[in-house]
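The structure appears right after this line, and notes come after that.
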Amino acid sequence: MSYGLRQTRRFARAYKKLHDNVAGDVDAAAEAVAADPTLGERKKGDLAALRVYKFRSQNQLYLLGYTVDDTVRLVYLEAVGQHENFYRDLKRS
């Protein structure tokens, strides 16, 4: 049984700006994460609660940041973007 998906405001704003081809790949990545939330790599330090799933789209490396709430079986999509400055931007907010 897969987990439900919820978007944060930061994720929704970034997703809205993506090209349609990339948005389709993000949708596929989100479904993969919902099916198995342990796919992503757990981060350390300031971002210890975050997991990051890496995938390629249009020959670019994209990262999907998410957190998991096992009690209600939800995956919260926190952020999506290219690798460049991804972690810096997450730490700022």
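Residue names in the structure tokens use chain letters A, B, ... in the order shown, residue numbers from 1 in each chain, and ligand numbers from 1 in the order shown.
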**Message:** Applying 7 Å and only C-alpha atoms, which residues near Gly4 of chain A remain after dropping the ones on its own chain fewer than 2 positions away? List them as a PyMOL selection string.
**Reply:** chain A and resi 2+6+34+73-75
Restrict the selected residues to C-alpha atoms and save them as a tab-separated table (two decimals), in the first residue's frame.
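That gives us result-v5.tsv:
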```tsv
chain	number	residue	atom	x	y	z
A	2	SER	CA	1.49	3.32	-1.05
A	6	ARG	CA	0.97	16.30	0.01
A	34	ALA	CA	4.93	7.33	-2.61
A	73	ARG	CA	1.16	7.37	5.89
A	74	LEU	CA	1.86	10.65	4.09
A	75	VAL	CA	4.82	11.88	2.07
```
**Request:** Would you return as a PyMOL selection string the members of chain A that DSSP assigns to alpha helix (DSSP H) on this structure's backbone?
**Result:** chain A and resi 9-16+20-35+86-92
Suppose we keep C-alpha atoms; can you now write the selection as a PDB file, in the first residue's frame?
```
ATOM      1  CA  ARG A   9       3.891  25.775  -0.737  1.00  0.00           C
ATOM      2  CA  ARG A  10       7.579  25.859  -1.649  1.00  0.00           C
ATOM      3  CA  PHE A  11       7.213  22.706  -3.734  1.00  0.00           C
ATOM      4  CA  ALA A  12       4.068  24.012  -5.468  1.00  0.00           C
ATOM      5  CA  ARG A  13       5.782  27.284  -6.430  1.00  0.00           C
ATOM      6  CA  ALA A  14       8.825  25.480  -7.849  1.00  0.00           C
ATOM      7  CA  TYR A  15       6.677  22.870  -9.631  1.00  0.00           C
ATOM      8  CA  LYS A  16       4.566  25.549 -11.315  1.00  0.00           C
ATOM      9  CA  ASP A  20       5.907  20.286 -18.980  1.00  0.00           C
ATOM     10  CA  ASN A  21       8.436  17.548 -19.817  1.00  0.00           C
ATOM     11  CA  VAL A  22      10.244  18.006 -16.509  1.00  0.00           C
ATOM     12  CA  ALA A  23       6.944  18.206 -14.604  1.00  0.00           C
ATOM     13  CA  GLY A  24       6.005  14.784 -15.987  1.00  0.00           C
ATOM     14  CA  ASP A  25       9.281  13.340 -14.715  1.00  0.00           C
ATOM     15  CA  VAL A  26       8.686  14.956 -11.310  1.00  0.00           C
ATOM     16  CA  ASP A  27       5.249  13.313 -11.218  1.00  0.00           C
ATOM     17  CA  ALA A  28       6.830   9.930 -11.954  1.00  0.00           C
ATOM     18  CA  ALA A  29       9.453  10.490  -9.241  1.00  0.00           C
ATOM     19  CA  ALA A  30       6.768  11.492  -6.726  1.00  0.00           C
ATOM     20  CA  GLU A  31       4.788   8.332  -7.492  1.00  0.00           C
ATOM     21  CA  ALA A  32       7.931   6.226  -7.040  1.00  0.00           C
ATOM     22  CA  VAL A  33       8.566   7.861  -3.665  1.00  0.00           C
ATOM     23  CA  ALA A  34       4.930   7.328  -2.614  1.00  0.00           C
ATOM     24  CA  ALA A  35       5.246   3.633  -3.454  1.00  0.00           C
ATOM     25  CA  PHE A  86      19.277  23.055  -3.861  1.00  0.00           C
ATOM     26  CA  TYR A  87      20.552  22.460  -0.319  1.00  0.00           C
ATOM     27  CA  ARG A  88      21.511  26.098   0.246  1.00  0.00           C
ATOM     28  CA  ASP A  89      17.997  27.241  -0.640  1.00  0.00           C
ATOM     29  CA  LEU A  90      16.451  24.608   1.643  1.00  0.00           C
ATOM     30  CA  LYS A  91      18.546  25.743   4.601  1.00  0.00           C
ATOM     31  CA  ARG A  92      17.587  29.379   4.119  1.00  0.00           C
TER      32      ARG A  92
END
```
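You can rank A:Ser57, A:Ser93, A:Thr67, A:Gln7 by their closest distance to Gly81 of chain A using only C-alpha atoms, and at the top of that list sits A:Ser57.
Separating atom CA of Lys44 of chain A from atom CA of Met1 of chain A is a distance of 28.0 Å.
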**Request:** Per DSSP on the backbone, filter segment 35-81 of chain A down to the residues in strand (DSSP E) and report them as an MDAnalysis selection string.
**Result:** chainID A and resid 41:42 51:57 60:69 74:81
Write the selection just made, keeping N, CA, C and O atoms, as a JSON list (two decimals), in the first residue's frame?
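To be explicit, this is the file written out as again-v7.json:
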```
[["chain", "number", "residue", "atom", "x", "y", "z"],
["A", 41, "GLU", "N", 17.65, 9.32, -0.17],
["A", 41, "GLU", "CA", 18.78, 9.29, 0.76],
["A", 41, "GLU", "C", 18.48, 10.25, 1.91],
["A", 41, "GLU", "O", 18.12, 11.39, 1.69],
["A", 42, "ARG", "N", 18.64, 9.77, 3.15],
["A", 42, "ARG", "CA", 18.42, 10.62, 4.31],
["A", 42, "ARG", "C", 19.60, 11.56, 4.47],
["A", 42, "ARG", "O", 20.75, 11.16, 4.36],
["A", 51, "ARG", "N", 14.58, 13.69, 3.23],
["A", 51, "ARG", "CA", 15.09, 12.66, 2.33],
["A", 51, "ARG", "C", 15.12, 13.27, 0.94],
["A", 51, "ARG", "O", 14.29, 14.09, 0.60],
["A", 52, "VAL", "N", 16.10, 12.85, 0.13],
["A", 52, "VAL", "CA", 16.25, 13.41, -1.22],
["A", 52, "VAL", "C", 16.32, 12.26, -2.22],
["A", 52, "VAL", "O", 17.13, 11.34, -2.07],
["A", 53, "TYR", "N", 15.45, 12.32, -3.21],
["A", 53, "TYR", "CA", 15.43, 11.35, -4.31],
["A", 53, "TYR", "C", 15.98, 12.04, -5.55],
["A", 53, "TYR", "O", 15.49, 13.10, -5.94],
["A", 54, "LYS", "N", 17.01, 11.44, -6.15],
["A", 54, "LYS", "CA", 17.65, 12.03, -7.33],
["A", 54, "LYS", "C", 17.14, 11.34, -8.58],
["A", 54, "LYS", "O", 17.00, 10.12, -8.61],
["A", 55, "PHE", "N", 16.88, 12.14, -9.61],
["A", 55, "PHE", "CA", 16.44, 11.59, -10.90],
["A", 55, "PHE", "C", 16.89, 12.52, -12.01],
["A", 55, "PHE", "O", 17.23, 13.67, -11.78],
["A", 56, "ARG", "N", 16.91, 11.98, -13.21],
["A", 56, "ARG", "CA", 17.35, 12.76, -14.37],
["A", 56, "ARG", "C", 16.17, 13.11, -15.25],
["A", 56, "ARG", "O", 15.27, 12.30, -15.45],
["A", 57, "SER", "N", 16.21, 14.33, -15.78],
["A", 57, "SER", "CA", 15.21, 14.80, -16.72],
["A", 57, "SER", "C", 15.89, 15.78, -17.66],
["A", 57, "SER", "O", 16.57, 16.70, -17.20],
["A", 60, "GLN", "N", 19.53, 16.60, -17.14],
["A", 60, "GLN", "CA", 19.86, 17.38, -15.95],
["A", 60, "GLN", "C", 19.53, 16.53, -14.73],
["A", 60, "GLN", "O", 18.57, 15.77, -14.72],
["A", 61, "LEU", "N", 20.33, 16.70, -13.69],
["A", 61, "LEU", "CA", 20.06, 16.01, -12.43],
["A", 61, "LEU", "C", 19.10, 16.87, -11.60],
["A", 61, "LEU", "O", 19.37, 18.04, -11.35],
["A", 62, "TYR", "N", 17.97, 16.29, -11.23],
["A", 62, "TYR", "CA", 16.99, 16.98, -10.39],
["A", 62, "TYR", "C", 16.89, 16.27, -9.05],
["A", 62, "TYR", "O", 17.11, 15.06, -8.96],
["A", 63, "LEU", "N", 16.55, 17.02, -8.03],
["A", 63, "LEU", "CA", 16.40, 16.48, -6.69],
["A", 63, "LEU", "C", 14.99, 16.76, -6.19],
["A", 63, "LEU", "O", 14.47, 17.85, -6.38],
["A", 64, "LEU", "N", 14.41, 15.75, -5.57],
["A", 64, "LEU", "CA", 13.09, 15.86, -4.98],
["A", 64, "LEU", "C", 13.26, 15.67, -3.48],
["A", 64, "LEU", "O", 13.61, 14.58, -3.02],
["A", 65, "GLY", "N", 13.05, 16.74, -2.73],
["A", 65, "GLY", "CA", 13.18, 16.67, -1.27],
["A", 65, "GLY", "C", 11.83, 16.41, -0.64],
["A", 65, "GLY", "O", 10.83, 17.03, -1.01],
["A", 66, "TYR", "N", 11.79, 15.49, 0.33],
["A", 66, "TYR", "CA", 10.52, 15.14, 0.96],
["A", 66, "TYR", "C", 10.74, 14.65, 2.38],
["A", 66, "TYR", "O", 11.85, 14.27, 2.76],
["A", 67, "THR", "N", 9.68, 14.70, 3.16],
["A", 67, "THR", "CA", 9.67, 14.13, 4.50],
["A", 67, "THR", "C", 8.54, 13.11, 4.57],
["A", 67, "THR", "O", 7.59, 13.17, 3.79],
["A", 68, "VAL", "N", 8.67, 12.17, 5.49],
["A", 68, "VAL", "CA", 7.70, 11.07, 5.61],
["A", 68, "VAL", "C", 7.08, 11.09, 6.99],
["A", 68, "VAL", "O", 7.78, 11.23, 7.99],
["A", 69, "ASP", "N", 5.77, 10.97, 7.05],
["A", 69, "ASP", "CA", 5.03, 10.83, 8.31],
["A", 69, "ASP", "C", 4.40, 9.44, 8.31],
["A", 69, "ASP", "O", 3.38, 9.22, 7.65],
["A", 74, "LEU", "N", 1.79, 9.55, 5.05],
["A", 74, "LEU", "CA", 1.86, 10.65, 4.09],
["A", 74, "LEU", "C", 3.31, 10.98, 3.77],
["A", 74, "LEU", "O", 4.18, 10.91, 4.63],
["A", 75, "VAL", "N", 3.53, 11.35, 2.52],
["A", 75, "VAL", "CA", 4.82, 11.88, 2.07],
["A", 75, "VAL", "C", 4.59, 13.35, 1.74],
["A", 75, "VAL", "O", 3.74, 13.68, 0.93],
["A", 76, "TYR", "N", 5.34, 14.22, 2.42],
["A", 76, "TYR", "CA", 5.24, 15.65, 2.18],
["A", 76, "TYR", "C", 6.34, 16.06, 1.21],
["A", 76, "TYR", "O", 7.52, 15.95, 1.52],
["A", 77, "LEU", "N", 5.96, 16.53, 0.04],
["A", 77, "LEU", "CA", 6.91, 16.99, -0.97],
["A", 77, "LEU", "C", 7.35, 18.39, -0.59],
["A", 77, "LEU", "O", 6.56, 19.33, -0.61],
["A", 78, "GLU", "N", 8.62, 18.54, -0.22],
["A", 78, "GLU", "CA", 9.13, 19.80, 0.31],
["A", 78, "GLU", "C", 9.70, 20.71, -0.76],
["A", 78, "GLU", "O", 9.49, 21.91, -0.74],
["A", 79, "ALA", "N", 10.49, 20.14, -1.69],
["A", 79, "ALA", "CA", 11.17, 20.98, -2.68],
["A", 79, "ALA", "C", 11.54, 20.14, -3.88],
["A", 79, "ALA", "O", 11.71, 18.91, -3.79],
["A", 80, "VAL", "N", 11.69, 20.81, -5.03],
["A", 80, "VAL", "CA", 12.16, 20.17, -6.24],
["A", 80, "VAL", "C", 13.01, 21.18, -6.99],
["A", 80, "VAL", "O", 12.73, 22.38, -6.96],
["A", 81, "GLY", "N", 14.08, 20.69, -7.62],
["A", 81, "GLY", "CA", 14.91, 21.61, -8.39],
["A", 81, "GLY", "C", 16.18, 20.94, -8.84],
["A", 81, "GLY", "O", 16.45, 19.77, -8.54]]
```
**Complete:** note - atom CA of Val72 of chain A and atom CA of Gly45 of chain A are separated by 25.3 Å
